[in-house]
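With compact mmCIF, C-alpha atoms inside, this is data-v9.txt:
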# COMPACT_ATOMS: atom_id res chain seq x y z
CA MET G 17 0.00 0.00 0.00
CA ALA G 18 1.40 3.35 -0.99
CA ASP G 19 1.77 6.21 1.40
CA ARG G 20 -1.47 8.07 1.89
CA ASP G 21 -1.97 11.47 0.42
CA GLU G 22 0.97 11.14 -1.95
CA LEU G 23 0.63 13.61 -4.77
CA LEU G 24 1.35 12.37 -8.25
CA ASP G 25 3.57 14.25 -10.63
CA HIS G 26 0.68 14.33 -13.05
CA ASP G 27 -0.72 17.81 -13.60
CA TYR G 28 -3.65 18.73 -15.82
CA ASP G 29 -4.85 22.32 -16.00
CA GLY G 30 -3.37 22.99 -12.59
CA ILE G 31 -5.20 20.06 -11.02
CA ARG G 32 -3.10 17.50 -9.22
CA GLU G 33 -4.38 14.16 -7.88
CA TYR G 34 -3.62 11.93 -4.96
CA ASP G 35 -2.50 8.33 -5.37
CA ASN G 36 -4.67 6.67 -2.69
CA ASP G 37 -5.72 3.03 -2.52
CA LEU G 38 -9.40 2.14 -2.67
CA PRO G 39 -11.03 1.59 0.73
CA ARG G 40 -11.04 -2.03 1.91
CA TRP G 41 -14.84 -2.13 2.30
CA TRP G 42 -15.23 -1.11 -1.35
CA LEU G 43 -12.76 -3.75 -2.55
CA ASN G 44 -14.47 -6.44 -0.43
CA ILE G 45 -17.87 -5.63 -1.92
CA PHE G 46 -16.41 -5.58 -5.42
CA TRP G 47 -14.80 -9.03 -5.02
CA LEU G 48 -17.89 -10.52 -3.36
CA THR G 49 -20.18 -9.33 -6.17
CA THR G 50 -17.72 -10.54 -8.81
CA VAL G 51 -17.54 -14.03 -7.27
CA PHE G 52 -21.33 -14.10 -6.85
CA ALA G 53 -21.85 -13.09 -10.51
CA ILE G 54 -19.54 -15.86 -11.75
CA CYS G 55 -21.24 -18.49 -9.54
CA TYR G 56 -24.71 -17.28 -10.51
CA ALA G 57 -23.92 -17.35 -14.24
CA PHE G 58 -22.50 -20.86 -13.90
CA TYR G 59 -25.57 -22.02 -11.91
CA ILE G 60 -28.04 -20.63 -14.46
CA HIS G 61 -26.25 -21.53 -17.69
CA ALA G 62 -24.77 -24.89 -16.69
CA GLY G 63 -28.20 -26.45 -16.27
CA TYR G 64 -28.48 -26.53 -12.48
CA SER G 65 -31.47 -24.18 -12.58
CA LEU G 66 -34.86 -24.68 -14.28
CA THR G 67 -35.36 -22.80 -17.52
CA THR G 68 -38.03 -20.14 -17.71
CA ASP G 69 -40.35 -22.50 -19.61
CA GLU G 70 -39.87 -25.23 -17.00
CA LYS G 71 -40.57 -22.78 -14.17
CA LEU G 72 -43.74 -21.65 -15.95
CA ALA G 73 -44.93 -25.23 -16.53
CA LYS G 74 -44.22 -26.14 -12.91
CA GLY G 75 -46.06 -23.05 -11.64
CA LEU G 76 -49.07 -23.72 -13.86
CA ALA G 77 -49.19 -27.35 -12.70
CA GLU G 78 -49.13 -26.24 -9.05
CA LEU G 79 -51.84 -23.67 -9.75
CA GLU G 80 -54.03 -26.30 -11.42
CA GLU G 81 -53.53 -28.66 -8.46
CA MET G 82 -54.56 -25.90 -6.05
CA ARG G 83 -57.59 -25.04 -8.18
CA VAL G 84 -58.73 -28.66 -8.32
CA ALA G 85 -58.09 -29.15 -4.60
CA SER G 86 -60.01 -26.02 -3.62
CA ALA G 87 -62.96 -26.58 -5.96
CA PRO G 88 -65.95 -27.75 -3.97
CA ALA G 89 -67.28 -31.10 -5.06
CA PRO G 90 -71.03 -30.95 -5.65
CA ALA G 91 -72.70 -32.75 -2.77
CA ASP G 92 -75.43 -34.18 -4.94
CA THR G 93 -73.27 -35.77 -7.62
CA GLN G 94 -73.04 -39.51 -7.65
CA SER G 95 -70.98 -41.66 -9.94
CA ASP G 96 -74.04 -43.54 -11.21
CA ALA G 97 -76.27 -40.45 -11.65
CA SER G 98 -76.89 -39.13 -15.14
CA PRO G 99 -76.15 -35.49 -16.03
CA ASN G 100 -79.90 -34.93 -16.32
CA ASP G 101 -80.49 -36.26 -12.77
CA ILE G 102 -77.64 -34.18 -11.38
CA LEU G 103 -78.99 -30.98 -12.97
CA LEU G 104 -82.52 -31.72 -11.76
CA ALA G 105 -81.16 -32.23 -8.23
CA ILE G 106 -79.36 -28.87 -8.45
CA ALA G 107 -82.60 -27.28 -9.73
CA GLY G 108 -84.28 -28.51 -6.53
CA ASP G 109 -81.61 -26.94 -4.29
CA ASP G 110 -82.86 -23.50 -3.21
CA SER G 111 -79.37 -22.18 -2.44
CA ARG G 112 -78.10 -23.09 -5.91
CA VAL G 113 -81.20 -21.59 -7.56
CA SER G 114 -80.68 -18.40 -5.53
CA ALA G 115 -77.02 -18.28 -6.60
CA GLY G 116 -78.15 -18.86 -10.19
CA GLU G 117 -80.59 -15.97 -9.93
CA LYS G 118 -77.80 -13.59 -8.89
CA ILE G 119 -75.67 -14.69 -11.83
CA TYR G 120 -78.67 -14.47 -14.19
CA MET G 121 -79.36 -10.91 -13.04
CA THR G 122 -75.80 -9.83 -13.91
CA LYS G 123 -75.19 -11.80 -17.11
CA CYS G 124 -78.52 -12.81 -18.70
CA LEU G 125 -81.00 -10.07 -17.78
CA ALA G 126 -80.12 -7.78 -20.70
CA CYS G 127 -81.26 -10.28 -23.35
CA HIS G 128 -83.79 -12.47 -21.55
CA GLY G 129 -85.44 -9.93 -19.22
CA ALA G 130 -85.56 -9.71 -15.43
CA LYS G 131 -88.16 -12.47 -15.13
CA GLY G 132 -87.19 -14.52 -18.17
CA GLU G 133 -89.91 -12.94 -20.31
CA GLY G 134 -87.52 -12.38 -23.21
CA THR G 135 -86.37 -9.14 -24.81
CA VAL G 136 -83.69 -9.59 -27.44
CA GLY G 137 -83.43 -13.28 -26.49
CA PRO G 138 -86.34 -15.69 -26.31
CA ASN G 139 -88.87 -16.13 -23.52
CA LEU G 140 -87.58 -18.68 -20.96
CA THR G 141 -90.86 -19.18 -19.09
CA ASP G 142 -93.02 -20.92 -21.71
CA ASP G 143 -92.95 -24.39 -23.32
CA TYR G 144 -91.46 -23.17 -26.62
CA TRP G 145 -87.76 -23.79 -27.20
CA ILE G 146 -85.57 -22.97 -30.19
CA HIS G 147 -82.65 -25.23 -29.28
CA GLY G 148 -84.26 -27.90 -27.11
CA GLY G 149 -86.02 -27.67 -23.77
CA LYS G 150 -84.40 -30.47 -21.77
CA ILE G 151 -82.29 -29.32 -18.86
CA THR G 152 -79.15 -30.85 -20.38
CA GLU G 153 -79.87 -29.05 -23.67
CA ILE G 154 -80.26 -25.76 -21.81
CA LYS G 155 -76.90 -26.33 -20.11
CA GLN G 156 -75.24 -27.13 -23.44
CA LEU G 157 -76.76 -23.97 -24.92
CA VAL G 158 -75.36 -21.85 -22.05
CA ILE G 159 -71.94 -23.48 -22.45
CA GLU G 160 -71.69 -23.20 -26.24
CA GLY G 161 -73.90 -20.17 -26.87
CA VAL G 162 -75.47 -19.29 -30.21
CA PRO G 163 -72.97 -16.96 -31.90
CA ALA G 164 -75.16 -16.65 -35.00
CA LYS G 165 -77.92 -15.09 -32.86
CA GLY G 166 -75.63 -13.07 -30.59
CA MET G 167 -75.57 -15.33 -27.53
CA LEU G 168 -72.12 -15.67 -26.00
CA SER G 169 -70.48 -18.94 -25.12
CA TRP G 170 -70.24 -18.81 -21.32
CA LYS G 171 -67.85 -21.76 -20.84
CA ASN G 172 -64.82 -19.47 -20.42
CA LEU G 173 -66.66 -16.74 -18.53
CA MET G 174 -68.33 -18.82 -15.81
CA THR G 175 -67.25 -21.78 -13.72
CA PRO G 176 -69.07 -25.10 -14.16
CA ASP G 177 -70.83 -24.55 -10.81
CA GLU G 178 -72.01 -21.11 -11.92
CA ILE G 179 -73.32 -22.56 -15.20
CA ASP G 180 -75.18 -25.30 -13.29
CA SER G 181 -76.69 -22.69 -10.95
CA VAL G 182 -77.86 -20.50 -13.85
CA VAL G 183 -79.38 -23.52 -15.61
CA ALA G 184 -81.17 -24.44 -12.35
CA TYR G 185 -82.59 -20.93 -12.12
CA ILE G 186 -83.69 -20.94 -15.78
CA TRP G 187 -85.31 -24.35 -15.25
CA ASN G 188 -87.30 -22.92 -12.34
CA LEU G 189 -88.54 -19.98 -14.43
CA HIS G 190 -90.86 -22.34 -16.33
CA GLY G 191 -94.51 -21.43 -15.95
CA THR G 192 -93.97 -18.23 -13.95
CA ASN G 193 -96.02 -16.21 -16.50
CA PRO G 194 -94.24 -12.84 -16.25
CA PRO G 195 -95.95 -9.68 -17.49
CA ASN G 196 -95.36 -8.74 -21.14
CA PRO G 197 -93.77 -12.01 -22.29
CA LYS G 198 -92.19 -12.23 -25.69
CA ALA G 199 -94.17 -14.20 -28.26
CA PRO G 200 -93.39 -17.94 -28.38
CA GLN G 201 -90.44 -18.94 -30.55
CA GLY G 202 -89.33 -22.39 -31.63
CA GLU G 203 -91.02 -25.74 -31.10
CA LEU G 204 -93.58 -26.61 -28.47
CA LEU G 205 -91.70 -28.92 -26.10
CA PRO G 206 -93.78 -29.44 -22.96
CA ARG G 207 -92.01 -30.75 -19.89
CA GLU G 208 -92.31 -34.43 -19.21
Would you encode the structure as structure tokens?
Amino acid sequence: MADRDELLDHDYDGIREYDNDLPRWWLNIFWLTTVFAICYAFYIHAGYSLTTDEKLAKGLAELEEMRVASAPAPADTQSDASPNDILLAIAGDDSRVSAGEKIYMTKCLACHGAKGEGTVGPNLTDDYWIHGGKITEIKQLVIEGVPAKGMLSWKNLMTPDEIDSVVAYIWNLHGTNPPNPKAPQGELLPRE
């Protein structure tokens, strides 16, 4: 280490500089960050770390596992029950019908009216159906939509439980005879 405060012979525009060593703390930080950078680059590029794509795939798999684990299993589903029976059981559950009504009021009211009487979309309270009047057909219609007539496909906008709840609510609208219903459309398909 050179003597402190030693002036150099160098002179530039009357400015002279000292020849001092860098402080030890600064040198220690410099060497630590240099060693860390070399180790980090080796760790990342030598294959010891997951690639970005692998990290993404792993994170998505964990997210899917959490989603499946946290999704409530419908209490009324049985392995031997048909989809029709399951939907009819949901339609008989007042809490699910109430949940379906809330969803209907936010997503379906604009086209089908507050009481299912039909505005832009068809009347949901009578026995006339354009695309089938069975409960499973109604669910399929909600899932797939009718793009040619302006009805959205709700499969990516609602969860399966929400779709089941809305279908249960629509099923319970039958025969409510709201004021000012839209004229019947489609085939007469009375309930069995």
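Between atom CA of Thr175 of chain G and atom CA of Ala105 of chain G there is a distance of 18.2 Å.
We find atom CA of Ile119 of chain G and atom CA of Ala97 of chain G to be spaced 25.8 Å apart.
Between atom CA of Ile159 of chain G and atom CA of Ile106 of chain G there is a distance of 16.7 Å.
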For segment 128-142 of chain G: contacts at 12 Å, all atoms listed in the file, fewer than 2 positions along chain excluded, given as a short mmCIF file (atom, residue, chain, number, x, y, z; two decimals) with C-alpha atoms, keeping the file's coordinate frame:
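So out_24.cif came out as:
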data_model
loop_
_atom_site.label_atom_id
_atom_site.label_comp_id
_atom_site.auth_asym_id
_atom_site.auth_seq_id
_atom_site.Cartn_x
_atom_site.Cartn_y
_atom_site.Cartn_z
CA GLU G 117 -80.59 -15.97 -9.93
CA LYS G 118 -77.80 -13.59 -8.89
CA ILE G 119 -75.67 -14.69 -11.83
CA TYR G 120 -78.67 -14.47 -14.19
CA MET G 121 -79.36 -10.91 -13.04
CA THR G 122 -75.80 -9.83 -13.91
CA LYS G 123 -75.19 -11.80 -17.11
CA CYS G 124 -78.52 -12.81 -18.70
CA LEU G 125 -81.00 -10.07 -17.78
CA ALA G 126 -80.12 -7.78 -20.70
CA TYR G 144 -91.46 -23.17 -26.62
CA TRP G 145 -87.76 -23.79 -27.20
CA ILE G 146 -85.57 -22.97 -30.19
CA HIS G 147 -82.65 -25.23 -29.28
CA GLY G 148 -84.26 -27.90 -27.11
CA GLY G 149 -86.02 -27.67 -23.77
CA ILE G 154 -80.26 -25.76 -21.81
CA GLY G 161 -73.90 -20.17 -26.87
CA VAL G 162 -75.47 -19.29 -30.21
CA LYS G 165 -77.92 -15.09 -32.86
CA GLY G 166 -75.63 -13.07 -30.59
CA MET G 167 -75.57 -15.33 -27.53
CA LEU G 168 -72.12 -15.67 -26.00
CA VAL G 182 -77.86 -20.50 -13.85
CA VAL G 183 -79.38 -23.52 -15.61
CA TYR G 185 -82.59 -20.93 -12.12
CA ILE G 186 -83.69 -20.94 -15.78
CA TRP G 187 -85.31 -24.35 -15.25
CA ASN G 188 -87.30 -22.92 -12.34
CA LEU G 189 -88.54 -19.98 -14.43
CA HIS G 190 -90.86 -22.34 -16.33
CA GLY G 191 -94.51 -21.43 -15.95
CA THR G 192 -93.97 -18.23 -13.95
CA ASN G 193 -96.02 -16.21 -16.50
CA PRO G 194 -94.24 -12.84 -16.25
CA PRO G 195 -95.95 -9.68 -17.49
CA ASN G 196 -95.36 -8.74 -21.14
CA PRO G 197 -93.77 -12.01 -22.29
CA LYS G 198 -92.19 -12.23 -25.69
CA ALA G 199 -94.17 -14.20 -28.26
CA PRO G 200 -93.39 -17.94 -28.38
CA GLN G 201 -90.44 -18.94 -30.55
CA GLY G 202 -89.33 -22.39 -31.63
CA GLU G 203 -91.02 -25.74 -31.10
CA LEU G 204 -93.58 -26.61 -28.47
CA LEU G 205 -91.70 -28.92 -26.10
CA PRO G 206 -93.78 -29.44 -22.96
CA ARG G 207 -92.01 -30.75 -19.89
#
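Using all atoms listed in the file for every distance, the candidate list G:Glu33, G:Leu23, G:Thr50, G:Ile151 yields G:Ile151 as the residue closest to Ala107 of chain G.
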